[in-house]
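Report on one structure; see the data block that follows.
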Amino acid sequence: MKYSFVIPVYNRPDEVDELLQSLTTQRERDFEVVVVEDGSSTPCKEVCDKYADTLQLHYFSKPNSGPGPSRNYGAERAHGEYLIILDSDVVLPEGYLEAVDAALAETSADAFGGPDRSHDSFTDVQKAISYSMTSFFTTGGIRGGKRKLDKFYPRSFNMGIRRDVYLHLGGFSKMRFGEDIDFSYRIVEAGHRTCLFEDAWVWHKRRTDFRKFFRQVYNSGIARINLEKRHPGTLKLVHLLPTVFTVGVIALVLVSAVGRALMHYDADNWRTWYLVCAIPWLPILLYSLIIAIDSTIRNRSLKVGLLSVPAAFVQLMGYGAGFIESWWKRCVLKQDEFTAFEKNFYK
């Protein structure tokens, strides 16, 4: 058998149903599916049973341990030459595995990954979030696409690797966030080749509202410092951009607030303080306009374009805030990874 899809799932039976349905339409059929239920209170066993006759599917249930160990659990029970790790909130186009097969025939990749896209059926908020995570005007250029500001590393929502390499490296660590980048770093550090397969893309739902999205990117910002501690030298200038953006926006808002306050206390120079109050908003409004126009064109929807503005700010400032917290705890207070983030990273 050539391919094994490994899918960890936690309380998302409806999403698993959509993903498995998309697997039944694959034109390339040499694969099995390994679903690992990670201690869910709402299991997807009945959903998996629906596909018992149409997919070579293996369902396993285990106590909750997080995404990394759950993927490892599935990998140890898989049989394919290549393991393809998917998040449960993705859907595959019918030519996905065919594209992977064609790319592997042309390259000697040990590990690979592909981009993600937004589906027409996604909500407007999901489309806006997808835009913010894939746009060149945010940090989407570093995540896996034609335009990259940093070297490509496979991400766990769409990640393939030779099974022997996976098992030799021990798979994913127990990190709750950033564990896929940690694994990608270890793959490269071990001398293996990673490649971007541009045609092997997936539809990726991501979070359904801005609050959940903020928590996701906040944790990603935290993970970046932890990754630098584990892999010194991997922190690049591009990773600092969300933090610079966050500090810059906060500084502009504070300057504007000071100008507004001084308009009342120094009435003789109110015009000067009015300019101090107004000018800081110009770069913020300009950036918002760029995002709105670009997203509107790409999504062919003014509503999605407008929603992309708060999505972009949540993505950049959420990541930046998490990065600052992690920097403070790990680099200034010198706390170790487990002590600093025990409550939200580890059980």
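Scheme for the structure tokens: letters A, B, ... for chains in order shown; per-chain residue numbers from 1; ligand numbers from 1 in order shown.
Within 7 Å of region 317-319 of chain A, once only C-alpha atoms are used and residues closer than 4 positions along the same chain are dropped, the contacting residues are A:Phe214, A:Val217, A:Tyr218, A:Ser220, A:Gly221, A:Pro242, A:Thr246, A:Phe313, A:Phe323.
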Enumerate, in order of chain and increasing residue number, the residues of region 221-247 of chain A with an atom no farther than 10 Å from region 183-188 of chain A, each with its shortest atom pair and distance in Å to one decimal, counting only C-alpha atoms, as a Markdown table.
```
| residue | atom | partner | partner_atom | distance |
| --- | --- | --- | --- | --- |
| A:Leu227 | CA | A:Tyr185 | CA | 9.1 |
| A:Arg230 | CA | A:Tyr185 | CA | 9.6 |
| A:His231 | CA | A:Tyr185 | CA | 7.5 |
| A:Thr234 | CA | A:Tyr185 | CA | 8.5 |
```
Restricting it to all heavy atoms, dump the selection as a compact mmCIF listing (two decimals), in the first residue's frame.
```txt
# COMPACT_ATOMS: atom_id res chain seq x y z
N LEU A 227 9.72 27.20 19.81
CA LEU A 227 10.42 26.57 18.70
C LEU A 227 11.86 27.07 18.60
O LEU A 227 12.78 26.31 18.31
CB LEU A 227 9.67 26.83 17.39
CG LEU A 227 8.35 26.08 17.22
CD1 LEU A 227 7.54 26.66 16.06
CD2 LEU A 227 8.61 24.59 16.98
N ARG A 230 13.92 25.34 21.12
CA ARG A 230 14.22 23.95 20.74
C ARG A 230 15.16 23.88 19.54
O ARG A 230 15.96 22.95 19.43
CB ARG A 230 12.92 23.22 20.39
CG ARG A 230 12.04 22.86 21.59
CD ARG A 230 10.77 22.19 21.13
NE ARG A 230 9.97 21.72 22.26
CZ ARG A 230 9.55 20.46 22.43
NH1 ARG A 230 9.87 19.54 21.53
NH2 ARG A 230 8.85 20.11 23.47
N HIS A 231 15.04 24.85 18.65
CA HIS A 231 15.83 24.85 17.41
C HIS A 231 16.47 26.23 17.24
O HIS A 231 15.97 27.06 16.46
CB HIS A 231 14.94 24.52 16.21
CG HIS A 231 14.16 23.25 16.36
ND1 HIS A 231 14.67 22.00 16.05
CD2 HIS A 231 12.88 23.03 16.81
CE1 HIS A 231 13.76 21.08 16.29
NE2 HIS A 231 12.68 21.67 16.76
N THR A 234 16.27 29.32 14.25
CA THR A 234 15.13 29.20 13.34
C THR A 234 14.22 30.42 13.39
O THR A 234 13.35 30.57 12.53
CB THR A 234 14.29 27.95 13.67
OG1 THR A 234 13.87 27.99 15.05
CG2 THR A 234 15.10 26.68 13.45
```
List the neighbours of Leu97 (chain A) out to 7 Å using only C-alpha atoms; skip same-chain residues closer than 2 positions along the sequence, and give me the result as a list in words. Gln26, Glu28, Gly95, Ala99, Val100 and Asp101 of chain A
Can those selected residues be exported to a file as a compact mmCIF listing (two decimals), in the first residue's frame so that it contains C-alpha atoms?
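Just written: result21.txt:
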```txt
# COMPACT_ATOMS: atom_id res chain seq x y z
CA GLN A 26 -10.28 10.34 -4.91
CA GLU A 28 -6.11 7.57 -6.97
CA GLY A 95 -7.59 15.12 -7.64
CA ALA A 99 -1.50 15.38 -7.59
CA VAL A 100 0.59 13.97 -4.74
CA ASP A 101 1.34 10.85 -6.78
```
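With only C-alpha atoms taken into account, the protein and nucleic acid residues at most 9 Å from region 41-44 of chain A (excluding it and anything under 6 positions from it in its own chain) are A:Val9, A:Tyr10, A:Asn11, A:Arg12, A:Pro13, A:Asp14, A:Val16, A:Asp17, A:Ser61.
Once Ile293 (chain A) and its same-chain neighbours fewer than 6 positions away are set aside, Leu302, Gly305 and Leu306 of chain A remain within 9 Å of it when counting only C-alpha atoms.
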Write out as a PyMOL selection string the residues lying within 9 Å of Val36 (chain A), counting only C-alpha atoms and excluding same-chain residues fewer than 6 positions away. chain A and resi 6-10+58-62+70-71+73-74
Can I get the selection written as a PDB file, in the first residue's frame, with N, CA, C and O atoms?
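Everything below was put into out17.pdb:
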```pdb
ATOM      1  N   VAL A   6      -3.660   9.727   7.959  1.00  0.00           N
ATOM      2  CA  VAL A   6      -3.757   9.668   9.421  1.00  0.00           C
ATOM      3  C   VAL A   6      -4.483  10.919   9.888  1.00  0.00           C
ATOM      4  O   VAL A   6      -4.018  12.043   9.652  1.00  0.00           O
ATOM      5  N   ILE A   7      -5.633  10.711  10.547  1.00  0.00           N
ATOM      6  CA  ILE A   7      -6.516  11.829  10.892  1.00  0.00           C
ATOM      7  C   ILE A   7      -6.855  11.775  12.383  1.00  0.00           C
ATOM      8  O   ILE A   7      -7.670  10.962  12.814  1.00  0.00           O
ATOM      9  N   PRO A   8      -6.234  12.614  13.219  1.00  0.00           N
ATOM     10  CA  PRO A   8      -6.659  12.709  14.617  1.00  0.00           C
ATOM     11  C   PRO A   8      -7.917  13.563  14.704  1.00  0.00           C
ATOM     12  O   PRO A   8      -8.084  14.510  13.931  1.00  0.00           O
ATOM     13  N   VAL A   9      -8.796  13.236  15.618  1.00  0.00           N
ATOM     14  CA  VAL A   9     -10.043  13.995  15.726  1.00  0.00           C
ATOM     15  C   VAL A   9     -10.427  14.162  17.191  1.00  0.00           C
ATOM     16  O   VAL A   9     -10.242  13.247  18.017  1.00  0.00           O
ATOM     17  N   TYR A  10     -10.946  15.329  17.506  1.00  0.00           N
ATOM     18  CA  TYR A  10     -11.398  15.612  18.871  1.00  0.00           C
ATOM     19  C   TYR A  10     -12.727  16.362  18.792  1.00  0.00           C
ATOM     20  O   TYR A  10     -12.768  17.547  18.442  1.00  0.00           O
ATOM     21  N   HIS A  58      -9.664   2.357   9.234  1.00  0.00           N
ATOM     22  CA  HIS A  58      -9.371   1.785  10.554  1.00  0.00           C
ATOM     23  C   HIS A  58      -9.653   2.863  11.601  1.00  0.00           C
ATOM     24  O   HIS A  58      -9.072   3.965  11.539  1.00  0.00           O
ATOM     25  N   TYR A  59     -10.517   2.558  12.534  1.00  0.00           N
ATOM     26  CA  TYR A  59     -10.899   3.521  13.571  1.00  0.00           C
ATOM     27  C   TYR A  59     -10.311   3.084  14.904  1.00  0.00           C
ATOM     28  O   TYR A  59     -10.456   1.925  15.314  1.00  0.00           O
ATOM     29  N   PHE A  60      -9.659   4.022  15.594  1.00  0.00           N
ATOM     30  CA  PHE A  60      -9.089   3.749  16.911  1.00  0.00           C
ATOM     31  C   PHE A  60      -9.544   4.833  17.885  1.00  0.00           C
ATOM     32  O   PHE A  60      -9.658   6.005  17.517  1.00  0.00           O
ATOM     33  N   SER A  61      -9.784   4.433  19.112  1.00  0.00           N
ATOM     34  CA  SER A  61     -10.160   5.373  20.168  1.00  0.00           C
ATOM     35  C   SER A  61      -9.166   5.243  21.312  1.00  0.00           C
ATOM     36  O   SER A  61      -8.799   4.135  21.700  1.00  0.00           O
ATOM     37  N   LYS A  62      -8.724   6.363  21.846  1.00  0.00           N
ATOM     38  CA  LYS A  62      -7.719   6.371  22.902  1.00  0.00           C
ATOM     39  C   LYS A  62      -7.967   7.544  23.847  1.00  0.00           C
ATOM     40  O   LYS A  62      -8.698   8.490  23.495  1.00  0.00           O
ATOM     41  N   SER A  70      -1.462  11.679  19.168  1.00  0.00           N
ATOM     42  CA  SER A  70      -2.533  10.981  18.457  1.00  0.00           C
ATOM     43  C   SER A  70      -2.112  10.653  17.029  1.00  0.00           C
ATOM     44  O   SER A  70      -2.425   9.577  16.506  1.00  0.00           O
ATOM     45  N   ARG A  71      -1.403  11.553  16.387  1.00  0.00           N
ATOM     46  CA  ARG A  71      -0.883  11.258  15.049  1.00  0.00           C
ATOM     47  C   ARG A  71       0.127  10.111  15.117  1.00  0.00           C
ATOM     48  O   ARG A  71       0.140   9.226  14.252  1.00  0.00           O
ATOM     49  N   TYR A  73       0.198   7.729  17.280  1.00  0.00           N
ATOM     50  CA  TYR A  73      -0.576   6.515  17.532  1.00  0.00           C
ATOM     51  C   TYR A  73      -1.106   5.938  16.220  1.00  0.00           C
ATOM     52  O   TYR A  73      -1.034   4.732  15.977  1.00  0.00           O
ATOM     53  N   GLY A  74      -1.619   6.813  15.363  1.00  0.00           N
ATOM     54  CA  GLY A  74      -2.120   6.359  14.071  1.00  0.00           C
ATOM     55  C   GLY A  74      -1.008   5.905  13.149  1.00  0.00           C
ATOM     56  O   GLY A  74      -1.149   4.902  12.435  1.00  0.00           O
TER      57      GLY A  74
END
```
Find the residues near Ala75 (chain A): any atom within 10 Å, counting only C-alpha atoms, skip ones fewer than 3 places away on the same chain, and give them as a ChimeraX atom specification. /A:4-7,34,36,69-72,78-80,82-85,163,166-167,171
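Taking CA of Leu55 (chain A) as the reference point, CA of Leu196 (chain A) is found at 27.1 Å.
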Report the residues of region 13-82 of chain A whose backbone DSSP state falls under helix (DSSP H, G or I), written as an MDAnalysis selection string. chainID A and resid 13:23 45:50 67:76
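Residue nearest Ile290 (chain A) within the list A:Thr243, A:Asn158, A:Ser65, A:Ser135: A:Ser135 [criterion: smallest interatomic distance, only C-alpha atoms].
Counting only C-alpha atoms and comparing A:Phe136, A:Ser40, A:Glu98, A:Lys50, the residue that lies closest to Thr25 (chain A) is A:Glu98.
Of the listed residues (A:Ala267, A:Thr339, A:Tyr131, A:Ala223), A:Tyr131 comes nearest to Ala292 (chain A); the distances count only C-alpha atoms.
Between CA of Val309 (chain A) and CA of Val125 (chain A) there is a distance of 10.9 Å.
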Could you check which of A:Ser288, A:Ser156, A:Ser121, A:Thr134 is closest to Ser88 (chain A), using only C-alpha atoms? A:Ser156
All strand (DSSP E) positions in region 98-143 of chain A, as a list in words: Ala111, Phe112, Gly113, Asp116 and Arg117 of chain A
Go ahead and write the residues just picked, C-alpha atoms, as a tab-separated table (two decimals), in the first residue's frame.
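Below is the file selection_21.tsv, written as the result:
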```tsv
chain	number	residue	atom	x	y	z
A	111	ALA	CA	8.33	14.98	3.27
A	112	PHE	CA	5.93	17.33	1.56
A	113	GLY	CA	2.94	19.56	2.02
A	116	ASP	CA	-4.94	25.45	1.53
A	117	ARG	CA	-7.92	27.27	0.07
```
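Interatomic distance, CA of Phe197 (chain A) against CA of Arg176 (chain A): 26.1 Å.
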